[in-house]
file entry-v9.csv (CSV, C-alpha atoms)
chain,number,residue,atom,x,y,z
A,117,MET,CA,100.1,73.7,-24.0
A,118,GLU,CA,98.2,70.5,-23.4
A,119,MET,CA,95.6,70.9,-20.7
A,120,LEU,CA,94.4,68.1,-18.3
A,121,THR,CA,91.4,68.3,-16.0
A,122,THR,CA,90.8,66.5,-12.8
A,123,SER,CA,87.7,66.4,-10.7
A,124,SER,CA,87.5,67.4,-7.1
A,125,VAL,CA,84.6,66.3,-5.0
A,126,LEU,CA,83.1,68.6,-2.4
A,127,VAL,CA,80.6,67.2,0.2
A,128,ARG,CA,77.8,69.4,1.4
A,129,PRO,CA,75.1,68.4,3.9
A,130,LEU,CA,71.5,68.6,2.7
A,131,PRO,CA,68.9,70.6,4.6
A,132,PRO,CA,67.6,68.9,7.7
A,133,LYS,CA,64.2,68.3,6.1
A,134,SER,CA,65.5,65.7,3.7
A,135,THR,CA,65.5,62.2,5.0
A,136,LYS,CA,66.4,60.2,1.9
A,137,THR,CA,70.1,61.1,1.5
A,138,PRO,CA,72.2,63.0,4.1
A,139,PHE,CA,74.7,64.3,1.5
A,140,SER,CA,74.7,65.7,-2.0
A,141,LEU,CA,77.7,65.6,-4.4
A,142,VAL,CA,78.9,68.7,-6.2
A,143,THR,CA,81.6,68.3,-8.9
A,144,THR,CA,83.8,71.1,-10.1
A,145,LYS,CA,86.5,71.1,-12.8
A,146,LEU,CA,90.0,72.3,-12.0
A,147,PRO,CA,92.4,72.8,-14.9
A,148,LEU,CA,96.0,71.5,-14.4
A,149,SER,CA,98.8,71.7,-16.9
A,150,THR,CA,101.2,68.9,-17.6
A,151,HIS,CA,104.1,71.2,-16.6
A,152,ALA,CA,102.5,71.9,-13.2
A,153,LEU,CA,101.9,68.2,-12.6
A,154,GLY,CA,105.5,67.3,-13.5
A,155,LYS,CA,107.0,70.0,-11.4
A,156,ARG,CA,104.8,69.1,-8.4
A,157,ALA,CA,105.7,65.4,-8.8
A,158,VAL,CA,109.4,66.2,-8.8
A,159,GLN,CA,109.1,68.4,-5.6
A,160,GLU,CA,107.2,65.6,-3.8
A,161,ALA,CA,109.8,63.1,-4.8
A,162,VAL,CA,112.6,65.3,-3.5
A,163,GLN,CA,110.7,65.8,-0.2
A,164,LEU,CA,110.2,62.0,0.2
A,165,ASP,CA,113.9,61.2,-0.6
A,166,ALA,CA,115.4,63.8,1.8
A,167,PRO,CA,114.2,62.2,5.0
A,168,LYS,CA,115.6,58.8,3.8
A,169,GLU,CA,119.0,60.4,3.2
A,170,GLU,CA,118.8,61.9,6.7
A,171,ARG,CA,117.9,58.6,8.2
A,172,ARG,CA,120.9,57.0,6.4
A,173,LYS,CA,123.2,59.5,7.9
A,174,HIS,CA,121.8,59.2,11.4
A,175,GLY,CA,121.4,55.4,11.1
A,176,ASP,CA,125.2,54.9,11.2
A,177,LEU,CA,126.4,52.8,14.2
A,178,VAL,CA,128.3,55.0,16.6
A,179,LEU,CA,130.5,53.4,19.3
A,180,TYR,CA,131.1,55.3,22.5
A,181,SER,CA,134.0,54.6,24.9
A,182,ILE,CA,134.5,55.6,28.5
A,183,ALA,CA,137.2,58.3,28.9
A,184,PRO,CA,137.7,58.7,32.7
A,185,TYR,CA,140.4,61.3,32.6
A,186,PRO,CA,140.8,61.6,36.4
A,187,VAL,CA,141.4,57.9,36.7
A,188,ILE,CA,143.8,57.9,33.8
A,189,LEU,CA,145.8,60.6,35.6
A,190,ALA,CA,145.6,58.6,38.8
A,191,SER,CA,147.2,55.7,37.0
A,192,LYS,CA,150.4,57.6,36.9
A,193,LEU,CA,150.5,57.5,40.7
A,194,LEU,CA,150.8,53.7,40.8
A,195,PRO,CA,154.4,52.9,41.7
A,196,GLY,CA,156.5,49.8,41.1
A,197,ALA,CA,155.8,48.9,37.5
A,198,ASP,CA,159.4,48.2,36.8
A,199,VAL,CA,159.8,46.2,40.0
A,200,VAL,CA,156.7,44.1,39.2
A,201,GLN,CA,157.8,43.6,35.6
A,202,SER,CA,161.2,42.3,36.8
A,203,ILE,CA,159.6,39.9,39.3
A,204,PHE,CA,157.1,38.6,36.7
A,205,GLY,CA,159.7,38.5,33.9
A,206,PRO,CA,160.9,34.9,34.3
A,207,PHE,CA,157.4,33.6,34.5
A,208,VAL,CA,156.3,35.7,31.5
A,209,ASP,CA,159.2,34.2,29.5
A,210,LEU,CA,158.1,30.7,30.5
A,211,VAL,CA,154.4,31.4,29.5
A,212,LYS,CA,155.6,32.6,26.1
A,213,THR,CA,157.3,29.2,25.5
A,214,TRP,CA,154.0,27.4,26.0
A,215,ASN,CA,152.6,28.8,22.7
A,216,LEU,CA,149.1,29.3,24.2
A,217,PRO,CA,146.3,30.5,21.8
A,218,ASP,CA,146.2,34.3,21.6
A,219,TRP,CA,142.5,34.3,22.5
A,220,LEU,CA,143.2,32.5,25.7
A,221,ILE,CA,146.0,34.9,26.7
A,222,HIS,CA,143.9,37.9,25.7
A,223,TRP,CA,140.5,36.9,27.2
A,224,GLY,CA,141.2,34.2,29.7
A,225,HIS,CA,141.7,36.7,32.6
A,226,PRO,CA,138.6,38.8,31.8
A,227,GLY,CA,136.4,35.6,31.5
A,228,ASN,CA,137.5,34.2,34.8
A,229,MET,CA,137.1,37.5,36.7
A,230,ALA,CA,133.6,38.1,35.3
A,231,VAL,CA,132.5,34.7,36.6
A,232,VAL,CA,134.0,35.6,40.1
A,233,LEU,CA,132.4,39.0,40.1
A,234,PHE,CA,128.9,37.9,39.2
A,235,ALA,CA,128.8,34.5,40.8
A,236,MET,CA,130.6,35.1,44.0
A,237,GLY,CA,130.4,38.9,44.4
A,238,GLY,CA,126.9,39.2,43.1
A,239,TYR,CA,125.4,36.4,45.2
A,240,GLY,CA,127.5,37.4,48.2
A,241,THR,CA,126.1,40.9,48.0
A,242,TYR,CA,122.6,39.6,47.8
A,243,LEU,CA,123.1,37.5,50.9
A,244,GLY,CA,124.4,40.5,52.7
A,245,PHE,CA,121.2,42.3,52.0
A,246,ARG,CA,119.2,39.3,53.2
A,247,ILE,CA,121.1,39.3,56.5
A,248,ARG,CA,119.8,42.9,57.1
A,249,LEU,CA,116.3,42.7,55.6
A,250,SER,CA,115.1,39.1,56.1
A,251,LYS,CA,112.7,38.3,58.9
A,252,ASP,CA,113.2,34.6,58.6
A,253,PRO,CA,115.7,33.4,61.3
A,254,GLU,CA,116.6,30.3,59.3
A,255,GLU,CA,117.3,32.2,56.1
A,256,LYS,CA,119.3,34.9,58.0
A,257,ALA,CA,121.4,32.2,59.7
A,258,LYS,CA,122.2,30.6,56.3
A,259,ALA,CA,123.1,33.9,54.8
A,260,LYS,CA,125.3,34.8,57.7
A,261,ASP,CA,127.2,31.5,57.2
A,262,LEU,CA,127.6,31.8,53.4
A,263,HIS,CA,128.1,35.6,52.9
A,264,PRO,CA,131.6,35.9,54.4
A,265,LYS,CA,132.8,32.7,52.7
A,266,LEU,CA,131.7,33.9,49.2
A,267,LEU,CA,133.2,37.4,49.7
A,268,ALA,CA,136.4,35.9,51.1
A,269,GLY,CA,136.6,33.7,48.0
A,270,MET,CA,136.0,36.7,45.8
A,271,PHE,CA,138.8,38.6,47.5
A,272,PHE,CA,141.2,35.6,47.1
A,273,PHE,CA,140.4,35.0,43.4
A,274,PHE,CA,140.5,38.7,42.6
A,275,ALA,CA,144.0,39.0,44.2
A,276,LEU,CA,145.1,35.9,42.3
A,277,GLY,CA,143.4,37.1,39.1
A,278,ALA,CA,145.4,40.3,39.3
A,279,THR,CA,148.6,38.3,38.8
A,280,GLY,CA,146.9,36.7,35.8
A,281,GLY,CA,146.0,40.1,34.4
A,282,ILE,CA,149.6,41.4,34.8
A,283,THR,CA,151.0,38.2,33.2
A,284,ALA,CA,148.6,38.6,30.2
A,285,LEU,CA,149.6,42.2,29.7
A,286,LEU,CA,153.3,41.5,29.9
A,287,THR,CA,153.0,38.5,27.6
A,288,SER,CA,151.3,40.8,25.1
A,289,ASP,CA,154.1,43.4,25.7
A,290,LYS,CA,151.7,46.0,27.1
A,291,PRO,CA,152.2,48.3,30.1
A,292,ILE,CA,150.6,47.1,33.3
A,293,PHE,CA,149.9,50.2,35.5
A,294,GLU,CA,148.9,52.8,32.9
A,295,SER,CA,145.2,52.2,32.5
A,296,PRO,CA,142.0,53.0,34.4
A,297,HIS,CA,141.5,49.2,34.7
A,298,ALA,CA,144.6,48.9,36.8
A,299,VAL,CA,143.7,51.9,39.0
A,300,SER,CA,140.1,50.7,39.7
A,301,GLY,CA,141.4,47.2,40.4
A,302,ALA,CA,143.9,48.5,43.0
A,303,ILE,CA,141.2,50.7,44.6
A,304,GLY,CA,138.8,47.7,44.7
A,305,LEU,CA,141.3,45.4,46.3
A,306,GLY,CA,142.3,48.0,48.9
A,307,LEU,CA,138.7,48.6,49.9
A,308,LEU,CA,138.0,44.8,50.0
A,309,THR,CA,140.9,44.6,52.5
A,310,ILE,CA,139.2,47.2,54.7
A,311,GLN,CA,135.8,45.5,54.2
A,312,SER,CA,137.2,42.2,55.5
A,313,ILE,CA,138.4,43.8,58.7
A,314,LEU,CA,135.1,45.5,59.6
A,315,PRO,CA,133.2,42.4,60.8
A,316,ALA,CA,135.8,41.9,63.6
A,317,LEU,CA,134.7,45.3,64.9
A,318,PHE,CA,130.9,44.8,64.9
A,319,GLU,CA,130.7,43.6,68.5
A,320,ASP,CA,132.2,46.7,69.9
A,321,ASN,CA,130.6,49.1,67.4
A,322,PRO,CA,127.3,47.9,65.9
A,323,GLY,CA,127.1,51.0,63.8
A,324,LEU,CA,129.8,49.6,61.6
A,325,ARG,CA,127.3,47.2,60.1
A,326,THR,CA,125.8,50.0,58.2
A,327,VAL,CA,129.2,51.2,57.0
A,328,HIS,CA,129.9,47.6,56.0
A,329,GLY,CA,126.8,47.4,53.9
A,330,LEU,CA,127.3,50.7,52.2
A,331,LEU,CA,131.0,50.0,51.5
A,332,GLY,CA,130.2,46.6,50.1
A,333,SER,CA,127.7,48.1,47.6
A,334,SER,CA,130.3,50.8,46.7
A,335,ILE,CA,132.9,48.1,46.1
A,336,MET,CA,130.6,46.2,43.8
A,337,THR,CA,130.0,49.4,41.8
A,338,ILE,CA,133.7,50.0,41.5
A,339,PHE,CA,134.2,46.5,40.2
A,340,LEU,CA,131.5,47.0,37.6
A,341,PHE,CA,133.4,50.0,36.4
A,342,HIS,CA,136.5,47.9,36.6
A,343,LEU,CA,134.8,45.4,34.3
A,344,ALA,CA,134.0,48.1,31.8
A,345,PHE,CA,137.5,49.4,31.9
A,346,GLY,CA,138.9,45.9,31.4
A,347,LEU,CA,136.6,45.3,28.3
A,348,GLN,CA,137.8,48.7,26.9
A,349,LEU,CA,141.4,47.7,27.5
A,350,GLY,CA,140.9,44.3,25.9
A,351,LEU,CA,139.4,45.8,22.8
A,352,SER,CA,142.2,48.4,22.5
A,353,PHE,CA,144.7,45.8,21.2
call {"tool": "encode", "arguments": {"input": "entry-v9.csv", "output": "structure tokens"}}
result
Amino acid sequence: MEMLTTSSVLVRPLPPKSTKTPFSLVTTKLPLSTHALGKRAVQEAVQLDAPKEERRKHGDLVLYSIAPYPVILASKLLPGADVVQSIFGPFVDLVKTWNLPDWLIHWGHPGNMAVVLFAMGGYGTYLGFRIRLSKDPEEKAKAKDLHPKLLAGMFFFFALGATGGITALLTSDKPIFESPHAVSGAIGLGLLTIQSILPALFEDNPGLRTVHGLLGSSIMTIFLFHLAFGLQLGLSF
């Protein structure tokens, strides 16, 4: 068998008395066969390739979806789907005759509601916190004037947008009250109704201001989930 030799270099420190060179070099000969070299090279190649294969497996894109089973079960409690469908039926038939683009029917409602949520709801919520936290009388007065107007507008456009969402689903021949999106929307509108009544009771019960702030933050959180459920619903068909 053919023999190859390779040199390995060992570094040893010189005795402290030497000042010319701090190290000396000692060379030894180590015999290695071509068979051993080839086998070692193959093993190293396999070890290098294995992590790459693992990275390919773990590098796949995985999409996760929200599966809120309690909310899905609660959707079965929403009554009146047949009644609502019969009321909207004539208008849905009319919309179908307009030959609107599919993307407009499918994503028009979500786009409009996202603008209302972030522009009116988001800024209105910010103004609500400024009313409680700001020490500037002028800023607080402006916030008190604009905050109820923005949130009232949000309530109006959400209620109006619900009819648009129902129309879009019926136009696409989809069920209207069988999704977490529908349940979270109904809960959000119900809580917004209560939220709009609370300011009328502040004078007699100032403690309700804290309830109003906490409830408002909770409503915004619900509508963020409502947005996620709507996106999931829109991507499902």
call {"tool": "closest_residue", "arguments": {"input": "entry-v9.csv", "among": "A:Leu308, A:Ala268, A:Ile247, A:Leu216", "to": "Arg325 in chain A", "atoms": "all atoms listed in the file"}}
result
A:Ile247
call {"tool": "atom_distance", "arguments": {"input": "entry-v9.csv", "atom1": "CA of His328 in chain A", "atom2": "CA of Ala275 in chain A"}}
result
20.3 Å
call {"tool": "atom_distance", "arguments": {"input": "entry-v9.csv", "atom1": "CA of Leu324 in chain A", "atom2": "CA of Leu249 in chain A"}}
result
16.3 Å
call {"tool": "atom_distance", "arguments": {"input": "entry-v9.csv", "atom1": "CA of Val299 in chain A", "atom2": "CA of Phe341 in chain A"}}
result
10.8 Å
call {"tool": "residues_near_point", "arguments": {"input": "entry-v9.csv", "point": "(128.4, 40.5, 46.1)", "cutoff": "9 Å", "atoms": "only C-alpha atoms", "output": "PyMOL selection string"}}
result
chain A and resi 233-244+263+266-267+270+332-333+335-336
call {"tool": "residues_near_point", "arguments": {"input": "entry-v9.csv", "point": "(144.9, 47.8, 31.5)", "cutoff": "9 Å", "atoms": "all atoms listed in the file", "output": "list in words"}}
result
Gly281, Ile282, Leu285, Lys290, Pro291, Ile292, Phe293, Glu294, Ser295, Pro296, His297, Ala298, Val299, Phe345, Gly346, Gln348, Leu349 and Gly350 of chain A
call {"tool": "residues_around", "arguments": {"input": "entry-v9.csv", "residues": "Ser334 in chain A", "least_positions_apart": "4", "cutoff": "12 Å", "atoms": "all atoms listed in the file", "output": "mmCIF file with C-alpha atoms, in the coordinates of the input"}}
result
data_model
loop_
_atom_site.group_PDB
_atom_site.id
_atom_site.type_symbol
_atom_site.label_atom_id
_atom_site.label_comp_id
_atom_site.auth_asym_id
_atom_site.auth_seq_id
_atom_site.Cartn_x
_atom_site.Cartn_y
_atom_site.Cartn_z
ATOM 1 C CA THR A 241 126.100 40.900 48.000
ATOM 2 C CA ILE A 303 141.200 50.700 44.600
ATOM 3 C CA GLY A 304 138.800 47.700 44.700
ATOM 4 C CA LEU A 307 138.700 48.600 49.900
ATOM 5 C CA LEU A 308 138.000 44.800 50.000
ATOM 6 C CA GLN A 311 135.800 45.500 54.200
ATOM 7 C CA VAL A 327 129.200 51.200 57.000
ATOM 8 C CA HIS A 328 129.900 47.600 56.000
ATOM 9 C CA GLY A 329 126.800 47.400 53.900
ATOM 10 C CA LEU A 330 127.300 50.700 52.200
ATOM 11 C CA ILE A 338 133.700 50.000 41.500
ATOM 12 C CA PHE A 339 134.200 46.500 40.200
ATOM 13 C CA LEU A 340 131.500 47.000 37.600
ATOM 14 C CA PHE A 341 133.400 50.000 36.400
#
call {"tool": "closest_residue", "arguments": {"input": "entry-v9.csv", "among": "A:Val211, A:Ala197, A:Ala257, A:Leu317", "to": "Ser288 in chain A", "atoms": "all atoms listed in the file"}}
result
A:Val211
call {"tool": "decode", "arguments": {"input": "entry-v9.csv", "residues": "range 178-277 of chain A", "atoms": "C-alpha atoms", "output": "mmCIF file, in the first residue's frame"}}
result
data_model
loop_
_atom_site.group_PDB
_atom_site.id
_atom_site.type_symbol
_atom_site.label_atom_id
_atom_site.label_comp_id
_atom_site.auth_asym_id
_atom_site.auth_seq_id
_atom_site.Cartn_x
_atom_site.Cartn_y
_atom_site.Cartn_z
ATOM 1 C CA VAL A 178 -44.837 26.987 7.643
ATOM 2 C CA LEU A 179 -48.054 28.993 7.826
ATOM 3 C CA TYR A 180 -50.014 28.994 11.081
ATOM 4 C CA SER A 181 -53.673 29.884 11.367
ATOM 5 C CA ILE A 182 -55.771 30.891 14.339
ATOM 6 C CA ALA A 183 -58.142 28.161 15.488
ATOM 7 C CA PRO A 184 -60.303 29.671 18.257
ATOM 8 C CA TYR A 185 -62.535 26.688 18.954
ATOM 9 C CA PRO A 186 -64.626 28.378 21.677
ATOM 10 C CA VAL A 187 -65.432 31.225 19.306
ATOM 11 C CA ILE A 188 -66.278 28.789 16.527
ATOM 12 C CA LEU A 189 -68.703 27.038 18.868
ATOM 13 C CA ALA A 190 -70.158 30.382 19.920
ATOM 14 C CA SER A 191 -70.875 31.178 16.288
ATOM 15 C CA LYS A 192 -73.565 28.516 16.374
ATOM 16 C CA LEU A 193 -75.412 30.642 18.934
ATOM 17 C CA LEU A 194 -75.919 33.564 16.541
ATOM 18 C CA PRO A 195 -79.555 33.411 15.469
ATOM 19 C CA GLY A 196 -81.380 34.779 12.470
ATOM 20 C CA ALA A 197 -79.102 33.799 9.574
ATOM 21 C CA ASP A 198 -82.065 32.724 7.460
ATOM 22 C CA VAL A 199 -83.972 35.899 8.298
ATOM 23 C CA VAL A 200 -81.001 38.133 7.465
ATOM 24 C CA GLN A 201 -80.364 36.217 4.264
ATOM 25 C CA SER A 202 -83.971 36.679 3.157
ATOM 26 C CA ILE A 203 -83.812 40.418 3.922
ATOM 27 C CA PHE A 204 -80.542 40.892 2.031
ATOM 28 C CA GLY A 205 -81.569 38.563 -0.801
ATOM 29 C CA PRO A 206 -83.012 41.184 -3.219
ATOM 30 C CA PHE A 207 -80.043 43.523 -2.729
ATOM 31 C CA VAL A 208 -77.568 40.660 -3.181
ATOM 32 C CA ASP A 209 -79.268 39.702 -6.447
ATOM 33 C CA LEU A 210 -78.972 43.308 -7.574
ATOM 34 C CA VAL A 211 -75.252 43.435 -6.700
ATOM 35 C CA LYS A 212 -74.647 40.285 -8.723
ATOM 36 C CA THR A 213 -76.047 42.020 -11.819
ATOM 37 C CA TRP A 214 -73.456 44.804 -11.538
ATOM 38 C CA ASN A 215 -70.612 42.464 -12.559
ATOM 39 C CA LEU A 216 -68.231 43.990 -10.039
ATOM 40 C CA PRO A 217 -64.619 42.725 -10.007
ATOM 41 C CA ASP A 218 -64.126 39.716 -7.773
ATOM 42 C CA TRP A 219 -61.280 41.409 -5.867
ATOM 43 C CA LEU A 220 -63.554 44.338 -5.002
ATOM 44 C CA ILE A 221 -66.293 42.092 -3.647
ATOM 45 C CA HIS A 222 -63.779 39.942 -1.800
ATOM 46 C CA TRP A 223 -61.492 42.602 -0.286
ATOM 47 C CA GLY A 224 -63.502 45.835 -0.433
ATOM 48 C CA HIS A 225 -65.105 45.322 2.978
ATOM 49 C CA PRO A 226 -61.858 44.331 4.770
ATOM 50 C CA GLY A 227 -59.964 47.270 3.268
ATOM 51 C CA ASN A 228 -62.579 49.834 4.333
ATOM 52 C CA MET A 229 -62.912 48.413 7.835
ATOM 53 C CA ALA A 230 -59.133 48.335 8.351
ATOM 54 C CA VAL A 231 -58.981 52.056 7.573
ATOM 55 C CA VAL A 232 -61.811 52.757 10.030
ATOM 56 C CA LEU A 233 -60.209 50.620 12.742
ATOM 57 C CA PHE A 234 -56.758 52.180 12.607
ATOM 58 C CA ALA A 235 -57.575 55.745 11.561
ATOM 59 C CA MET A 236 -60.666 56.415 13.653
ATOM 60 C CA GLY A 237 -60.430 53.745 16.333
ATOM 61 C CA GLY A 238 -56.684 53.941 16.823
ATOM 62 C CA TYR A 239 -56.473 57.716 16.974
ATOM 63 C CA GLY A 240 -59.667 57.934 19.024
ATOM 64 C CA THR A 241 -58.185 55.541 21.575
ATOM 65 C CA TYR A 242 -55.010 57.625 21.727
ATOM 66 C CA LEU A 243 -57.082 60.750 22.414
ATOM 67 C CA GLY A 244 -58.889 58.900 25.189
ATOM 68 C CA PHE A 245 -55.580 58.254 26.935
ATOM 69 C CA ARG A 246 -54.559 61.878 26.441
ATOM 70 C CA ILE A 247 -57.736 62.985 28.194
ATOM 71 C CA ARG A 248 -56.698 60.990 31.258
ATOM 72 C CA LEU A 249 -52.943 61.527 31.192
ATOM 73 C CA SER A 250 -52.300 64.953 29.680
ATOM 74 C CA LYS A 251 -51.553 67.882 31.991
ATOM 75 C CA ASP A 252 -52.013 70.449 29.234
ATOM 76 C CA PRO A 253 -55.511 71.969 29.560
ATOM 77 C CA GLU A 254 -55.644 72.974 25.892
ATOM 78 C CA GLU A 255 -54.623 69.518 24.647
ATOM 79 C CA LYS A 256 -57.086 67.871 27.007
ATOM 80 C CA ALA A 257 -59.924 70.136 25.810
ATOM 81 C CA LYS A 258 -59.224 69.315 22.152
ATOM 82 C CA ALA A 259 -59.050 65.596 22.958
ATOM 83 C CA LYS A 260 -62.369 65.749 24.829
ATOM 84 C CA ASP A 261 -63.967 67.371 21.793
ATOM 85 C CA LEU A 262 -62.576 65.011 19.147
ATOM 86 C CA HIS A 263 -62.509 61.687 21.037
ATOM 87 C CA PRO A 264 -66.288 61.071 21.159
ATOM 88 C CA LYS A 265 -66.720 62.185 17.540
ATOM 89 C CA LEU A 266 -64.115 59.734 16.237
ATOM 90 C CA LEU A 267 -65.443 56.821 18.249
ATOM 91 C CA ALA A 268 -69.036 57.613 17.256
ATOM 92 C CA GLY A 269 -67.882 57.626 13.641
ATOM 93 C CA MET A 270 -66.159 54.300 14.144
ATOM 94 C CA PHE A 271 -69.332 52.811 15.610
ATOM 95 C CA PHE A 272 -71.398 54.106 12.677
ATOM 96 C CA PHE A 273 -69.034 52.851 9.976
ATOM 97 C CA PHE A 274 -68.574 49.486 11.695
ATOM 98 C CA ALA A 275 -72.339 48.998 11.857
ATOM 99 C CA LEU A 276 -72.629 50.070 8.217
ATOM 100 C CA GLY A 277 -69.654 47.922 7.295
#
